[in-house]
>>> print(open('work-v8.cif').read())   # mmCIF, C-alpha atoms
data_model
loop_
_atom_site.label_atom_id
_atom_site.label_comp_id
_atom_site.auth_asym_id
_atom_site.auth_seq_id
_atom_site.Cartn_x
_atom_site.Cartn_y
_atom_site.Cartn_z
CA MET C 1 68.03 219.33 6.52
CA SER C 2 68.37 218.43 2.85
CA SER C 3 70.19 215.18 3.59
CA ALA C 4 67.39 213.95 5.89
CA SER C 5 64.57 214.30 3.37
CA PRO C 6 65.45 211.33 1.09
CA GLU C 7 65.26 208.88 4.00
CA PRO C 8 61.56 209.48 4.87
CA ALA C 9 60.75 209.45 1.15
CA SER C 10 62.51 206.10 0.71
CA LYS C 11 60.72 204.71 3.74
CA ARG C 12 57.35 205.79 2.35
CA ALA C 13 58.19 204.25 -0.99
CA THR C 14 59.23 200.98 0.64
CA LEU C 15 56.10 200.94 2.79
CA SER C 16 53.93 201.65 -0.26
CA VAL C 17 55.51 198.74 -2.15
CA ILE C 18 54.95 196.40 0.80
CA ILE C 19 51.31 197.49 1.17
CA VAL C 20 50.64 197.06 -2.55
CA ALA C 21 52.29 193.62 -2.50
CA LEU C 22 50.19 192.53 0.48
CA VAL C 23 46.98 193.79 -1.14
CA VAL C 24 47.78 191.92 -4.35
CA LEU C 25 48.68 188.78 -2.39
CA LEU C 26 45.37 188.91 -0.50
CA CYS C 27 43.23 189.72 -3.52
CA LEU C 28 44.83 187.41 -6.07
CA PRO C 29 43.27 184.15 -4.80
CA THR C 30 39.83 185.78 -4.84
CA VAL C 31 40.36 187.05 -8.38
CA ILE C 32 41.48 183.59 -9.52
CA VAL C 33 38.43 181.91 -7.95
CA ILE C 34 36.06 184.42 -9.54
CA ALA C 35 37.67 184.01 -12.95
CA THR C 36 37.65 180.22 -12.66
CA SER C 37 33.93 180.18 -11.86
CA PHE C 38 33.20 181.66 -15.30
CA THR C 39 35.22 179.11 -17.24
CA ALA C 40 33.63 177.31 -20.17
CA GLY C 41 35.91 174.32 -19.69
CA GLU C 42 35.41 171.14 -17.71
CA ILE C 43 38.22 171.60 -15.22
CA VAL C 44 39.46 174.28 -12.85
CA ALA C 45 42.04 176.28 -14.79
CA PHE C 46 43.45 179.78 -14.78
CA PRO C 47 43.20 181.64 -17.03
CA PRO C 48 39.73 180.23 -17.75
CA GLN C 49 39.06 178.30 -20.94
CA GLY C 50 36.55 180.75 -22.35
CA LEU C 51 33.75 182.51 -20.48
CA SER C 52 30.40 180.97 -19.58
CA LEU C 53 27.72 180.93 -16.88
CA ARG C 54 27.28 177.17 -17.21
CA TRP C 55 28.61 176.42 -13.74
CA TYR C 56 26.25 178.89 -12.11
CA ARG C 57 23.36 177.28 -13.94
CA ALA C 58 24.69 173.90 -12.81
CA LEU C 59 24.25 174.94 -9.19
CA ALA C 60 20.48 175.00 -9.69
CA ASN C 61 20.64 171.30 -10.56
CA GLN C 62 22.41 170.26 -7.38
CA PRO C 63 19.74 169.69 -4.72
CA GLU C 64 22.34 168.60 -2.18
CA MET C 65 24.15 171.94 -2.39
CA ILE C 66 20.89 173.89 -2.30
CA ALA C 67 19.76 171.96 0.77
CA ALA C 68 23.15 172.54 2.43
CA LEU C 69 22.85 176.24 1.65
CA GLY C 70 19.43 176.31 3.31
CA ARG C 71 20.77 174.57 6.40
CA SER C 72 23.69 177.02 6.60
CA LEU C 73 21.25 179.93 6.51
CA VAL C 74 19.16 178.35 9.28
CA VAL C 75 22.26 177.70 11.41
CA ALA C 76 23.53 181.25 10.88
CA ALA C 77 20.14 182.78 11.72
CA LEU C 78 19.79 180.72 14.92
CA ALA C 79 23.36 181.47 16.00
CA THR C 80 22.81 185.19 15.44
CA ALA C 81 19.54 185.05 17.39
CA ILE C 82 21.46 183.51 20.31
CA MET C 83 24.43 185.86 20.16
CA LEU C 84 22.42 189.06 19.79
CA PRO C 85 20.77 189.14 23.24
CA ALA C 86 23.59 187.27 24.99
CA GLY C 87 26.35 189.49 23.61
CA THR C 88 24.38 192.71 24.10
CA LEU C 89 23.51 192.02 27.73
CA ALA C 90 27.04 190.78 28.45
CA ALA C 91 28.59 193.97 27.05
CA ILE C 92 26.16 196.21 28.96
CA GLY C 93 26.76 194.23 32.15
CA LEU C 94 30.54 194.45 31.75
CA ALA C 95 30.31 198.23 31.47
CA ARG C 96 28.76 198.39 34.96
CA PHE C 97 31.69 196.71 36.73
CA ALA C 98 34.77 198.39 38.14
CA ARG C 99 37.80 198.57 35.88
CA ARG C 100 39.70 195.64 37.46
CA THR C 101 36.68 193.38 37.56
CA ARG C 102 35.82 194.32 33.99
CA ALA C 103 39.33 193.48 32.84
CA VAL C 104 39.07 190.00 34.37
CA LEU C 105 35.65 189.39 32.82
CA ASP C 106 36.89 190.65 29.45
CA LEU C 107 39.57 187.98 29.55
CA TYR C 108 36.94 185.40 30.47
CA PHE C 109 34.78 186.32 27.47
CA LEU C 110 37.83 186.05 25.24
CA LEU C 111 38.43 182.43 26.27
CA PRO C 112 36.77 181.07 23.09
CA PHE C 113 39.57 182.74 21.13
CA THR C 114 42.30 181.11 23.22
CA ILE C 115 41.02 177.57 22.70
CA PRO C 116 41.94 175.99 19.34
CA VAL C 117 38.83 175.61 17.21
CA VAL C 118 39.58 171.93 16.63
CA VAL C 119 39.68 171.32 20.38
CA ALA C 120 36.43 173.25 20.86
CA GLY C 121 34.74 171.29 18.08
CA LEU C 122 35.88 167.94 19.48
CA SER C 123 34.81 168.88 23.01
CA LEU C 124 31.38 170.02 21.84
CA MET C 125 30.97 166.84 19.80
CA ILE C 126 31.60 164.74 22.91
CA LEU C 127 29.27 166.92 25.01
CA PHE C 128 26.40 166.90 22.53
CA GLY C 129 26.98 163.22 21.77
CA GLU C 130 26.58 162.30 25.44
CA ALA C 131 23.40 164.39 25.54
CA GLY C 132 22.05 162.72 22.39
CA LEU C 133 21.84 166.00 20.48
CA LEU C 134 24.00 165.20 17.47
CA GLY C 135 22.20 165.15 14.14
CA LYS C 136 20.21 168.33 14.85
CA LEU C 137 20.84 171.84 13.59
CA TRP C 138 20.21 173.90 16.71
CA PRO C 139 23.17 172.42 18.66
CA VAL C 140 25.40 173.50 15.77
CA SER C 141 24.04 177.05 16.11
CA LEU C 142 24.57 176.95 19.87
CA ALA C 143 28.16 175.78 19.46
CA ILE C 144 28.94 178.47 16.89
CA ALA C 145 27.36 181.10 19.12
CA ALA C 146 29.46 179.99 22.09
CA THR C 147 32.74 180.08 20.15
CA ASN C 148 32.09 183.43 18.45
CA LEU C 149 30.28 185.40 21.17
CA PRO C 150 33.23 187.83 21.63
CA PHE C 151 32.50 189.33 18.22
CA MET C 152 29.07 190.45 19.40
CA THR C 153 30.29 191.72 22.77
CA GLY C 154 33.08 193.62 21.06
CA ALA C 155 30.69 195.35 18.66
CA VAL C 156 28.30 196.40 21.42
CA THR C 157 31.18 197.52 23.65
CA ALA C 158 32.37 199.79 20.83
CA SER C 159 28.94 201.45 20.79
CA LEU C 160 28.87 201.76 24.58
CA SER C 161 32.11 203.72 24.50
CA SER C 162 30.23 206.62 22.92
CA LEU C 163 27.40 206.57 25.50
CA ASP C 164 27.65 209.28 28.15
CA PRO C 165 26.82 207.70 31.55
CA ASP C 166 25.31 211.03 32.60
CA LEU C 167 22.45 210.44 30.17
CA GLU C 168 21.37 207.32 32.05
CA ALA C 169 21.80 209.12 35.37
CA ALA C 170 19.73 212.07 34.11
CA ALA C 171 16.94 209.76 32.98
CA ALA C 172 16.94 208.03 36.37
CA ASN C 173 16.88 211.39 38.19
CA CYS C 174 13.83 212.35 36.13
CA GLY C 175 11.99 209.38 37.59
CA ALA C 176 12.55 206.77 34.89
CA SER C 177 12.66 203.20 36.12
CA PRO C 178 15.74 201.05 35.34
CA ALA C 179 13.75 199.24 32.63
CA ARG C 180 12.70 202.54 31.05
CA VAL C 181 16.27 203.84 31.15
CA PHE C 182 17.39 200.67 29.40
CA TRP C 183 14.76 200.86 26.65
CA THR C 184 14.89 204.61 26.02
CA VAL C 185 18.57 205.49 26.61
CA THR C 186 20.90 202.47 26.70
CA LEU C 187 19.37 200.33 23.97
CA PRO C 188 19.16 203.08 21.32
CA ALA C 189 22.80 203.97 22.04
CA VAL C 190 24.03 200.42 21.44
CA THR C 191 21.79 199.70 18.44
CA PRO C 192 24.57 200.42 15.91
CA GLY C 193 26.80 197.92 17.68
CA MET C 194 23.99 195.38 17.76
CA ILE C 195 23.48 195.76 14.00
CA THR C 196 27.20 195.48 13.32
CA GLY C 197 27.62 192.49 15.62
CA SER C 198 24.58 190.73 14.18
CA LEU C 199 25.79 191.03 10.60
CA LEU C 200 29.30 189.99 11.56
CA SER C 201 27.98 187.06 13.59
CA PHE C 202 25.73 185.94 10.74
CA VAL C 203 28.59 185.94 8.22
CA ILE C 204 30.90 184.07 10.61
CA ALA C 205 28.24 181.49 11.46
CA PHE C 206 27.34 181.06 7.79
CA ASN C 207 30.98 180.31 6.93
CA GLU C 208 31.86 178.26 10.04
CA PHE C 209 33.53 175.01 9.02
CA VAL C 210 35.64 173.44 11.76
CA VAL C 211 32.99 173.36 14.51
CA SER C 212 30.31 172.29 12.03
CA LEU C 213 32.49 169.45 10.74
CA PHE C 214 32.44 167.81 14.18
CA LEU C 215 28.71 168.24 14.77
CA VAL C 216 26.90 167.47 11.50
CA ASP C 217 26.16 164.28 9.65
CA LYS C 218 25.10 163.60 6.06
CA GLN C 219 21.51 164.70 6.74
CA THR C 220 22.53 167.95 8.45
CA GLU C 221 25.55 168.99 6.38
CA THR C 222 26.04 172.72 6.13
CA LEU C 223 27.41 174.26 2.95
CA PRO C 224 31.07 174.58 4.11
CA VAL C 225 31.09 170.90 5.10
CA ALA C 226 29.39 169.91 1.84
CA LEU C 227 32.06 171.79 -0.10
CA TYR C 228 34.81 170.06 1.86
CA THR C 229 33.23 166.68 1.18
CA SER C 230 33.04 167.47 -2.54
CA ILE C 231 36.63 168.62 -2.98
CA ARG C 232 37.93 165.45 -1.33
CA SER C 233 36.84 163.54 -4.44
CA ILE C 234 37.12 166.04 -7.31
CA VAL C 235 37.44 169.81 -7.76
CA THR C 236 35.14 171.18 -10.45
CA PRO C 237 34.35 174.77 -11.48
CA ASP C 238 30.93 174.62 -9.85
CA LEU C 239 32.72 174.71 -6.48
CA ALA C 240 34.36 177.94 -7.59
CA ALA C 241 30.88 179.26 -8.42
CA VAL C 242 29.74 178.43 -4.88
CA SER C 243 32.80 180.26 -3.54
CA VAL C 244 31.82 183.33 -5.53
CA VAL C 245 28.39 183.18 -3.88
CA TYR C 246 30.21 183.27 -0.51
CA ILE C 247 32.23 186.27 -1.64
CA ALA C 248 29.10 188.06 -2.85
CA LEU C 249 27.34 187.50 0.47
CA SER C 250 30.34 188.86 2.38
CA VAL C 251 30.49 191.95 0.16
CA ILE C 252 26.76 192.52 0.64
CA ALA C 253 27.19 192.25 4.42
CA VAL C 254 29.99 194.84 4.38
CA LEU C 255 27.88 197.19 2.24
CA VAL C 256 24.93 196.79 4.60
CA VAL C 257 27.15 197.57 7.61
CA ASP C 258 28.54 200.65 5.87
CA ARG C 259 25.05 201.77 4.90
CA LEU C 260 23.50 201.33 8.33
CA VAL C 261 26.20 202.23 10.86
CA GLY C 262 29.40 202.95 8.96
CA LEU C 263 32.54 200.86 8.68
CA ASP C 264 34.35 202.83 11.40
CA LEU C 265 32.19 201.21 14.11
CA PHE C 266 32.69 197.80 12.48
CA LEU C 267 36.47 198.23 12.53
CA ARG C 268 36.47 199.39 16.16
CA SER C 269 34.55 196.23 17.11
CA ARG C 270 37.40 194.12 15.76
#
>>> encode(input="work-v8.cif", output="structure tokens")
Amino acid sequence: MSSASPEPASKRATLSVIIVALVVLLCLPTVIVIATSFTAGEIVAFPPQGLSLRWYRALANQPEMIAALGRSLVVAALATAIMLPAGTLAAIGLARFARRTRAVLDLYFLLPFTIPVVVAGLSLMILFGEAGLLGKLWPVSLAIAATNLPFMTGAVTASLSSLDPDLEAAAANCGASPARVFWTVTLPAVTPGMITGSLLSFVIAFNEFVVSLFLVDKQTETLPVALYTSIRSIVTPDLAAVSVVYIALSVIAVLVVDRLVGLDLFLRSR
């Protein structure tokens, strides 16, 4: 008995060291970017050459970046508006099928994850180019919605798992029409998943780069593409400041999810 106790303790210690190392490895780039954005120097350097907000103030004097930010917000909002009803109805519809049929359809809805994003972006560029739709923002939103729809269906499916089917049957037995059952029983039950999926979809669409790179031009550049175009010539601390804005938006989204529905539902949707 006494000889077996050091082994679990050593395993826990080893696991703790690995976890701490992974956390540090994941967080260190973010910490470096945040610190670099406050540098008072002219170049990207860590540790920063003094502390200043000059590069955040410089963002206000870059109309191209501000315009790209506005386009990214529009694209993200449109993509979320597409994914919200499509993903919700798809998840509810999948729950009505038999187990084998549902398993096949689940695999079908996961197809966007099996196709490399570069291939999807190139294919959509050819498709929209043949249709004469390149150079507009809404096709970009449609493409992002198509490639990221499983996130919304997954979030709503997680909410549906806590819905007792007997509640819908009881409402129907009381004389409620299918539409009334949907609006009064099913929809309220999946609302947390809809909120989680919408926030997740918005953040993903806002940060989408690869698909957007194939579908935008100079007049419709989104912020990720504008950043990529900028760093191809020179990397300046103002780009780090933009990255911090991205980080802040992601943190705000996580806090909103935790406040509204809790992070446990968000994690189950993954």
>>> closest_atom_pairs(input="work-v8.cif", of="range 154-257 of chain C", to="range 119-133 of chain C", cutoff="8 Å", atoms="all atoms listed in the file", output="JSON lines")
{"residue": "C:Val210", "atom": "CA", "partner": "C:Gly121", "partner_atom": "CA", "distance": 6.7}
{"residue": "C:Val211", "atom": "CA", "partner": "C:Gly121", "partner_atom": "CA", "distance": 4.5}
{"residue": "C:Ser212", "atom": "CA", "partner": "C:Gly121", "partner_atom": "CA", "distance": 7.6}
{"residue": "C:Leu213", "atom": "CA", "partner": "C:Gly121", "partner_atom": "CA", "distance": 7.9}
{"residue": "C:Phe214", "atom": "CA", "partner": "C:Gly121", "partner_atom": "CA", "distance": 5.7}
{"residue": "C:Leu215", "atom": "CA", "partner": "C:Met125", "partner_atom": "CA", "distance": 5.7}
>>> resolve_selection(input="work-v8.cif", expression="the PyMOL selection byres ((chain C and resi 35) around 9)", output="PyMOL selection string")
chain C and resi 30-34+36-39+46-48+51+240
>>> atom_distance(input="work-v8.cif", atom1="CA of Val245 in chain C", atom2="CA of Phe151 in chain C")
23.3 Å
>>> resolve_selection(input="work-v8.cif", expression="the PyMOL selection byres ((chain C and resi 236) around 12)", output="MDAnalysis selection string")
chainID C and resid 33 36:45 54:56 58:59 227 230:235 237:243
>>> atom_distance(input="work-v8.cif", atom1="CA of Gly50 in chain C", atom2="CA of Ala21 in chain C")
28.4 Å
>>> residues_around(input="work-v8.cif", residues="Thr147 in chain C", least_positions_apart="2", cutoff="12 Å", atoms="all atoms listed in the file", output="PyMOL selection string")
chain C and resi 79+82-83+87+109-121+123-124+140-145+149-152+201+204-205+208+210-212
>>> resolve_selection(input="work-v8.cif", expression="the PyMOL selection byres ((chain C and resi 191) around 10)", output="PyMOL selection string")
chain C and resi 88+155-156+159-160+186-190+192-197+261
>>> closest_residue(input="work-v8.cif", among="C:Leu137, C:Leu249, C:Leu163, C:Leu200", to="Ala68 in chain C", atoms="only C-alpha atoms")
C:Leu137
>>> atom_distance(input="work-v8.cif", atom1="CA of Ala76 in chain C", atom2="CA of Ala90 in chain C")
20.3 Å
>>> closest_residue(input="work-v8.cif", among="C:Leu94, C:Val181, C:Val251, C:Val75", to="Phe209 in chain C", atoms="only C-alpha atoms")
C:Val75
>>> axis_aligned_box(input="work-v8.cif", around="range 139-152 of chain C", padding_each_side="6 Å", output="JSON")
{"center_x": 28.2, "center_y": 181.4, "center_z": 18.9, "size_x": 22.1, "size_y": 30.0, "size_z": 18.3}
